[in-house]
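Peer 1: First the structure, which I've put down as structure tokens, then a few questions once you've had a look.
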Amino acid sequence: MSAGAASRLEAAWVDGEPQSTVSVLERGLHYGDGLFETIACLPGGPRFLERHLRRLQGGCERLGFPPVDLEQIAHELRSAAAGDRAVLKLLVTRGVARARGYGPGGTDVATRVTLRYGWPEDDAERAQRGVRVGISDVCLGENPALAGLKHCNRLEQVLARRALSGPDLAEALMFSSSGLLISGTMSNVFLIRDERLLTPRLDRCGVAGIMREVVLSLAAADGIQAVEASLGAGDLDAAQELFLTNALWGIRPVRELAGRALPLGPLTRTLQGRLAPLLAAAPPTGTHA
């Protein structure tokens, strides 16, 4: 998921070679037949790289992609991340279409595209003061076969961002076609009620975000009751605290939802404090495993 702030493209690689073009027969272009990862990079390297690669591998297996070399991808990402802070976007697709039609050819060779962007302008105030959030009229279609995957078909999110009303709104929450709360357009969502941490189940649609995974791990380590649940509009109304997570900016509290003021409560602040050292620390080197 992206941070939403504009940053310039600094470099591009296709299958590990510096270039900025792909085949016109690329299945990722024709069908969205691909996966992607958005990775924050500090001077020490890509942050949470092992988690990103684990999710990528699981997605490739679920979609039946040709084998990918995770060690090679890890090496390429560390090389692309060298230098100052940056954002990497890695796309892995099924590859170049061997024939016309939806069906894979059976001899596909995966394509890797790596893009390096400058680090977006820091906005520490949003992490402290919280953000204003709306509710999107665009629904997410339910498809358990794709649920949780960060696949390349993001048209629902594109429409939701296009319809985002008001320049002061940082994000919009999205519901599924059956009325379940799922996520923001570029974030996962957490509710706090009676000192319990609630986040939507993602078994029908939505992206299982890396920062969502990290926050759930931190909560478990601290003995905070965290539940993945089927949530609706009533759960939003009953929320005592609300925050969003994203791979680049960590946790952002919600101070206003659809015109309703929300407190920036203690559990949100506790989790922000627990997460802060992980966001600032130099990533470990070594294998991806």
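The way I read the labels, and the way they are meant: chains A, B, ... in the order of the structure tokens, residue 1 as the first residue of every chain, and ligand 1 as the first ligand shown, with later ones counted on from there.
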Excluding region 49-57 of chain A and its own-chain neighbours fewer than 3 positions away, which residues fall within 8 Å of it when counting only C-alpha atoms? Please give them as a PyMOL selection string.

Peer 2: chain A and resi 35-37+39+46+60-61+68+70+74+210+288-289

Peer 1: Mind writing the picked residues with C-alpha atoms as a CSV table (one decimal), in the first residue's frame?

Peer 2:
chain,number,residue,atom,x,y,z
A,35,LEU,CA,1.6,-8.7,-7.3
A,36,PHE,CA,3.4,-5.8,-5.8
A,37,GLU,CA,5.2,-4.7,-2.6
A,39,ILE,CA,8.8,-1.1,0.8
A,46,PRO,CA,14.7,-2.3,3.2
A,60,CYS,CA,3.0,-16.2,-6.1
A,61,GLU,CA,2.1,-19.6,-4.8
A,68,VAL,CA,10.7,-16.8,-8.3
A,70,LEU,CA,13.7,-14.9,-3.4
A,74,ALA,CA,16.4,-9.8,-1.9
A,210,ILE,CA,2.8,-5.7,6.5
A,288,HIS,CA,15.4,-13.2,3.7
A,289,ALA,CA,14.3,-16.2,5.7

Peer 1: Quick one: everything within 8 Å of region 170-187 of chain A, counting only C-alpha atoms, minus sequence neighbours fewer than 3 positions away in the same chain. Send it as a ChimeraX atom specification.

Peer 2: /A:1-4,131-142,157,160-161,164,167,200-202,205-206,209,230-233,244-246

Peer 1: Could the residues of region 105-156 of chain A that have an atom at most 12 Å from region 27-33 of chain A be listed as a Markdown table, each with its closest atom pair and the distance in Å to one decimal, counting only C-alpha atoms and ordered by chain and ascending residue number?

Peer 2:
| residue | atom | partner | partner_atom | distance |
| --- | --- | --- | --- | --- |
| A:Gly105 | CA | A:Arg27 | CA | 10.8 |
| A:Asp108 | CA | A:Arg27 | CA | 9.9 |
| A:Val109 | CA | A:Arg27 | CA | 10.8 |
| A:Ala110 | CA | A:Arg27 | CA | 9.7 |
| A:Thr111 | CA | A:Gly28 | CA | 8.8 |
| A:Arg112 | CA | A:Gly28 | CA | 10.5 |
| A:Val113 | CA | A:Gly28 | CA | 10.6 |
| A:Leu146 | CA | A:Asp33 | CA | 11.5 |
| A:Leu149 | CA | A:Asp33 | CA | 11.9 |
| A:Lys150 | CA | A:Gly32 | CA | 11.1 |
| A:His151 | CA | A:Gly32 | CA | 7.5 |
| A:Cys152 | CA | A:Gly32 | CA | 5.0 |
| A:Asn153 | CA | A:Gly32 | CA | 5.2 |
| A:Arg154 | CA | A:Gly32 | CA | 8.7 |
| A:Leu155 | CA | A:Gly32 | CA | 10.0 |

Peer 1: Output N, CA and C atoms for every residue in that selection, as a PDB file, in the first residue's frame.

Peer 2:
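Result file out21.pdb:
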ATOM      1  N   GLY A 105       0.210 -19.588 -20.407  1.00  0.00           N
ATOM      2  CA  GLY A 105       0.722 -20.451 -21.459  1.00  0.00           C
ATOM      3  C   GLY A 105       1.345 -21.737 -20.980  1.00  0.00           C
ATOM      4  N   ASP A 108       5.418 -19.809 -18.825  1.00  0.00           N
ATOM      5  CA  ASP A 108       5.634 -18.413 -18.448  1.00  0.00           C
ATOM      6  C   ASP A 108       6.920 -18.242 -17.637  1.00  0.00           C
ATOM      7  N   VAL A 109       7.508 -17.074 -17.785  1.00  0.00           N
ATOM      8  CA  VAL A 109       8.683 -16.684 -17.011  1.00  0.00           C
ATOM      9  C   VAL A 109       8.342 -15.373 -16.312  1.00  0.00           C
ATOM     10  N   ALA A 110       8.380 -15.360 -14.999  1.00  0.00           N
ATOM     11  CA  ALA A 110       7.964 -14.184 -14.243  1.00  0.00           C
ATOM     12  C   ALA A 110       8.820 -12.969 -14.589  1.00  0.00           C
ATOM     13  N   THR A 111       8.179 -11.799 -14.577  1.00  0.00           N
ATOM     14  CA  THR A 111       8.858 -10.524 -14.783  1.00  0.00           C
ATOM     15  C   THR A 111       8.976  -9.800 -13.454  1.00  0.00           C
ATOM     16  N   ARG A 112      10.137  -9.212 -13.189  1.00  0.00           N
ATOM     17  CA  ARG A 112      10.367  -8.414 -11.983  1.00  0.00           C
ATOM     18  C   ARG A 112      10.617  -6.967 -12.391  1.00  0.00           C
ATOM     19  N   VAL A 113       9.867  -6.056 -11.805  1.00  0.00           N
ATOM     20  CA  VAL A 113      10.059  -4.626 -12.032  1.00  0.00           C
ATOM     21  C   VAL A 113      10.296  -3.969 -10.683  1.00  0.00           C
ATOM     22  N   LEU A 146      -8.774 -14.073  -3.993  1.00  0.00           N
ATOM     23  CA  LEU A 146      -7.783 -12.994  -4.031  1.00  0.00           C
ATOM     24  C   LEU A 146      -7.636 -12.269  -2.695  1.00  0.00           C
ATOM     25  N   LEU A 149      -4.327 -10.662  -0.811  1.00  0.00           N
ATOM     26  CA  LEU A 149      -3.216 -10.461  -1.736  1.00  0.00           C
ATOM     27  C   LEU A 149      -3.064  -8.993  -2.125  1.00  0.00           C
ATOM     28  N   LYS A 150      -1.827  -8.590  -2.307  1.00  0.00           N
ATOM     29  CA  LYS A 150      -1.551  -7.246  -2.822  1.00  0.00           C
ATOM     30  C   LYS A 150      -1.362  -7.377  -4.339  1.00  0.00           C
ATOM     31  N   HIS A 151      -2.470  -7.673  -5.021  1.00  0.00           N
ATOM     32  CA  HIS A 151      -2.422  -7.910  -6.459  1.00  0.00           C
ATOM     33  C   HIS A 151      -2.507  -6.587  -7.218  1.00  0.00           C
ATOM     34  N   CYS A 152      -2.236  -6.640  -8.497  1.00  0.00           N
ATOM     35  CA  CYS A 152      -2.067  -5.414  -9.280  1.00  0.00           C
ATOM     36  C   CYS A 152      -3.374  -4.781  -9.749  1.00  0.00           C
ATOM     37  N   ASN A 153      -4.518  -5.404  -9.490  1.00  0.00           N
ATOM     38  CA  ASN A 153      -5.784  -4.766  -9.850  1.00  0.00           C
ATOM     39  C   ASN A 153      -6.222  -3.873  -8.701  1.00  0.00           C
ATOM     40  N   ARG A 154      -6.003  -2.578  -8.843  1.00  0.00           N
ATOM     41  CA  ARG A 154      -6.324  -1.607  -7.799  1.00  0.00           C
ATOM     42  C   ARG A 154      -7.377  -0.605  -8.274  1.00  0.00           C
ATOM     43  N   LEU A 155      -8.223  -0.980  -9.238  1.00  0.00           N
ATOM     44  CA  LEU A 155      -9.176  -0.024  -9.799  1.00  0.00           C
ATOM     45  C   LEU A 155     -10.187   0.461  -8.773  1.00  0.00           C
TER      46      LEU A 155
END

Peer 1: Kindly indicate which residue among A:Leu191, A:Leu77, A:Leu9, A:Met211 lies nearest to Pro120 (chain A), using only C-alpha atoms for the distances.

Peer 2: A:Leu9

Peer 1: A:Val14, A:Val22, A:Val254, A:Leu42: which is nearest Ala281 (chain A), counting only C-alpha atoms?

Peer 2: A:Leu42

Peer 1: DSSP on the backbone: which residues in region 79-233 of chain A end up as helix (DSSP H, G or I)? Give the answer as a ChimeraX atom specification.

Peer 2: /A:79-81,124-129,155-162,210-221,233

Peer 1: Using only C-alpha atoms, which of A:Leu115, A:Ile224, A:Leu218, A:Val189 sits nearest Ser7 (chain A)?

Peer 2: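 So, comparing all the options, the nearest one is A:Leu115.
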
Peer 1: Any idea what the distance is between CA of Thr38 (chain A) and CA of Arg116 (chain A)?

Peer 2: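 Separating CA of Thr38 (chain A) from CA of Arg116 (chain A) is a distance of 10.0 Å.
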
Peer 1: To one decimal place, how far is CA of Leu159 (chain A) from CA of Ser20 (chain A) in Å?

Peer 2: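 Distance between the two atoms: 26.4 Å.
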
Peer 1: Just the number, please: distance in Å from CA of Leu264 (chain A) to CA of Ile192 (chain A), one decimal.

Peer 2: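 Distance reported for this atom pair: 10.8 Å.
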
Peer 1: Neighbouring residues of Pro277 (chain A) were defined as those with any atom within 12 Å, considering only C-alpha atoms; residues of the same chain fewer than 4 positions away were excluded. Please report them as a PyMOL selection string.

Peer 2: chain A and resi 47+218+250+271-273+281-283

Peer 1: From the set A:Glu256, A:Glu195, A:Ala145, A:His75, which residue has the shortest atom-to-atom contact distance to Gln225 (chain A), counting only C-alpha atoms?

Peer 2: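 Using only C-alpha atoms, Gln225 (chain A) sits closest to A:Glu195.
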
Peer 1: Enumerate, as a PyMOL selection string, the complete set of residues in region 14-253 of chain A that a backbone-based DSSP assignment places in strand (DSSP E or B).

Peer 2: chain A and resi 14+17-18+26+34-42+45-46+86-93+96+111-118+131-135+140+148+151+169-176+181-184+188-193+196-200+207+226-229+241-246+250-253

Peer 1: With C-alpha atoms retained, could you export that selection as a PDB file, in the first residue's frame?

Peer 2:
ATOM      1  CA  VAL A  14      13.442  -4.790 -15.123  1.00  0.00           C
ATOM      2  CA  GLU A  17      18.769  -4.646 -15.312  1.00  0.00           C
ATOM      3  CA  PRO A  18      18.560  -0.829 -15.337  1.00  0.00           C
ATOM      4  CA  GLU A  26       3.267  -8.212 -20.401  1.00  0.00           C
ATOM      5  CA  GLY A  34       0.775  -9.609 -10.888  1.00  0.00           C
ATOM      6  CA  LEU A  35       1.602  -8.739  -7.302  1.00  0.00           C
ATOM      7  CA  PHE A  36       3.446  -5.816  -5.782  1.00  0.00           C
ATOM      8  CA  GLU A  37       5.173  -4.714  -2.602  1.00  0.00           C
ATOM      9  CA  THR A  38       5.774  -1.151  -1.413  1.00  0.00           C
ATOM     10  CA  ILE A  39       8.833  -1.126   0.833  1.00  0.00           C
ATOM     11  CA  ALA A  40      10.226   1.620   3.042  1.00  0.00           C
ATOM     12  CA  CYS A  41      14.027   1.804   2.872  1.00  0.00           C
ATOM     13  CA  LEU A  42      16.306   3.342   5.485  1.00  0.00           C
ATOM     14  CA  GLY A  45      18.365  -1.256   3.816  1.00  0.00           C
ATOM     15  CA  PRO A  46      14.742  -2.251   3.170  1.00  0.00           C
ATOM     16  CA  ALA A  86      13.789   5.755  -0.360  1.00  0.00           C
ATOM     17  CA  VAL A  87      10.627   3.880  -1.279  1.00  0.00           C
ATOM     18  CA  LEU A  88      10.878   0.758  -3.434  1.00  0.00           C
ATOM     19  CA  LYS A  89       7.985  -0.657  -5.400  1.00  0.00           C
ATOM     20  CA  LEU A  90       8.517  -4.224  -6.520  1.00  0.00           C
ATOM     21  CA  LEU A  91       6.161  -5.764  -9.078  1.00  0.00           C
ATOM     22  CA  VAL A  92       6.249  -9.444  -9.948  1.00  0.00           C
ATOM     23  CA  THR A  93       4.016 -10.563 -12.806  1.00  0.00           C
ATOM     24  CA  VAL A  96       5.071 -11.966 -21.135  1.00  0.00           C
ATOM     25  CA  THR A 111       8.858 -10.524 -14.783  1.00  0.00           C
ATOM     26  CA  ARG A 112      10.367  -8.414 -11.983  1.00  0.00           C
ATOM     27  CA  VAL A 113      10.059  -4.626 -12.032  1.00  0.00           C
ATOM     28  CA  THR A 114      11.718  -2.566  -9.305  1.00  0.00           C
ATOM     29  CA  LEU A 115      11.107   1.177  -8.983  1.00  0.00           C
ATOM     30  CA  ARG A 116      12.968   3.462  -6.607  1.00  0.00           C
ATOM     31  CA  TYR A 117      11.225   6.652  -5.463  1.00  0.00           C
ATOM     32  CA  GLY A 118      12.457   9.486  -3.312  1.00  0.00           C
ATOM     33  CA  VAL A 131      -5.897  12.629  10.531  1.00  0.00           C
ATOM     34  CA  ARG A 132      -9.360  13.319   9.169  1.00  0.00           C
ATOM     35  CA  VAL A 133     -10.911  10.362   7.371  1.00  0.00           C
ATOM     36  CA  GLY A 134     -14.035   9.913   5.275  1.00  0.00           C
ATOM     37  CA  ILE A 135     -16.071   6.907   4.173  1.00  0.00           C
ATOM     38  CA  LEU A 140     -14.742  -3.582  -2.620  1.00  0.00           C
ATOM     39  CA  GLY A 148      -5.375 -10.693   1.389  1.00  0.00           C
ATOM     40  CA  HIS A 151      -2.422  -7.910  -6.459  1.00  0.00           C
ATOM     41  CA  LEU A 169      -9.148  14.205   4.185  1.00  0.00           C
ATOM     42  CA  ALA A 170      -6.122  11.932   4.445  1.00  0.00           C
ATOM     43  CA  GLU A 171      -7.926   8.694   3.687  1.00  0.00           C
ATOM     44  CA  ALA A 172     -11.304   7.035   3.097  1.00  0.00           C
ATOM     45  CA  LEU A 173     -12.529   3.813   4.660  1.00  0.00           C
ATOM     46  CA  MET A 174     -13.958   1.177   2.326  1.00  0.00           C
ATOM     47  CA  PHE A 175     -16.644  -1.446   2.878  1.00  0.00           C
ATOM     48  CA  SER A 176     -17.174  -4.636   0.919  1.00  0.00           C
ATOM     49  CA  LEU A 181     -15.615  -2.831   6.901  1.00  0.00           C
ATOM     50  CA  ILE A 182     -12.377  -3.813   5.156  1.00  0.00           C
ATOM     51  CA  SER A 183      -9.705  -1.089   5.028  1.00  0.00           C
ATOM     52  CA  GLY A 184      -8.754   2.334   3.800  1.00  0.00           C
ATOM     53  CA  ASN A 188      -5.456  -1.131   7.123  1.00  0.00           C
ATOM     54  CA  VAL A 189      -7.770  -0.047   9.915  1.00  0.00           C
ATOM     55  CA  PHE A 190      -7.858  -0.812  13.645  1.00  0.00           C
ATOM     56  CA  LEU A 191     -10.638  -0.047  16.127  1.00  0.00           C
ATOM     57  CA  ILE A 192     -10.290   0.046  19.901  1.00  0.00           C
ATOM     58  CA  ARG A 193     -13.263  -0.746  22.135  1.00  0.00           C
ATOM     59  CA  ARG A 196      -9.603  -4.542  22.854  1.00  0.00           C
ATOM     60  CA  LEU A 197      -7.930  -4.112  19.482  1.00  0.00           C
ATOM     61  CA  LEU A 198     -10.193  -4.996  16.545  1.00  0.00           C
ATOM     62  CA  THR A 199      -9.264  -5.196  12.885  1.00  0.00           C
ATOM     63  CA  PRO A 200     -11.333  -6.455   9.944  1.00  0.00           C
ATOM     64  CA  VAL A 207      -4.889  -6.502   1.510  1.00  0.00           C
ATOM     65  CA  ALA A 226      -6.342  -8.302  19.425  1.00  0.00           C
ATOM     66  CA  VAL A 227      -9.142  -9.798  17.353  1.00  0.00           C
ATOM     67  CA  GLU A 228      -9.611 -10.132  13.593  1.00  0.00           C
ATOM     68  CA  ALA A 229     -13.378  -9.884  13.213  1.00  0.00           C
ATOM     69  CA  GLU A 241     -10.188   4.929  19.270  1.00  0.00           C
ATOM     70  CA  LEU A 242      -9.358   4.412  15.618  1.00  0.00           C
ATOM     71  CA  PHE A 243      -6.072   4.255  13.752  1.00  0.00           C
ATOM     72  CA  LEU A 244      -4.700   3.349  10.333  1.00  0.00           C
ATOM     73  CA  THR A 245      -1.555   1.449   9.389  1.00  0.00           C
ATOM     74  CA  ASN A 246       0.596   1.616   6.280  1.00  0.00           C
ATOM     75  CA  GLY A 250       3.381   3.124  10.497  1.00  0.00           C
ATOM     76  CA  ILE A 251       0.405   4.161  12.663  1.00  0.00           C
ATOM     77  CA  ARG A 252      -1.723   7.249  12.109  1.00  0.00           C
ATOM     78  CA  PRO A 253      -4.461   7.984  14.638  1.00  0.00           C
TER      79      PRO A 253
END
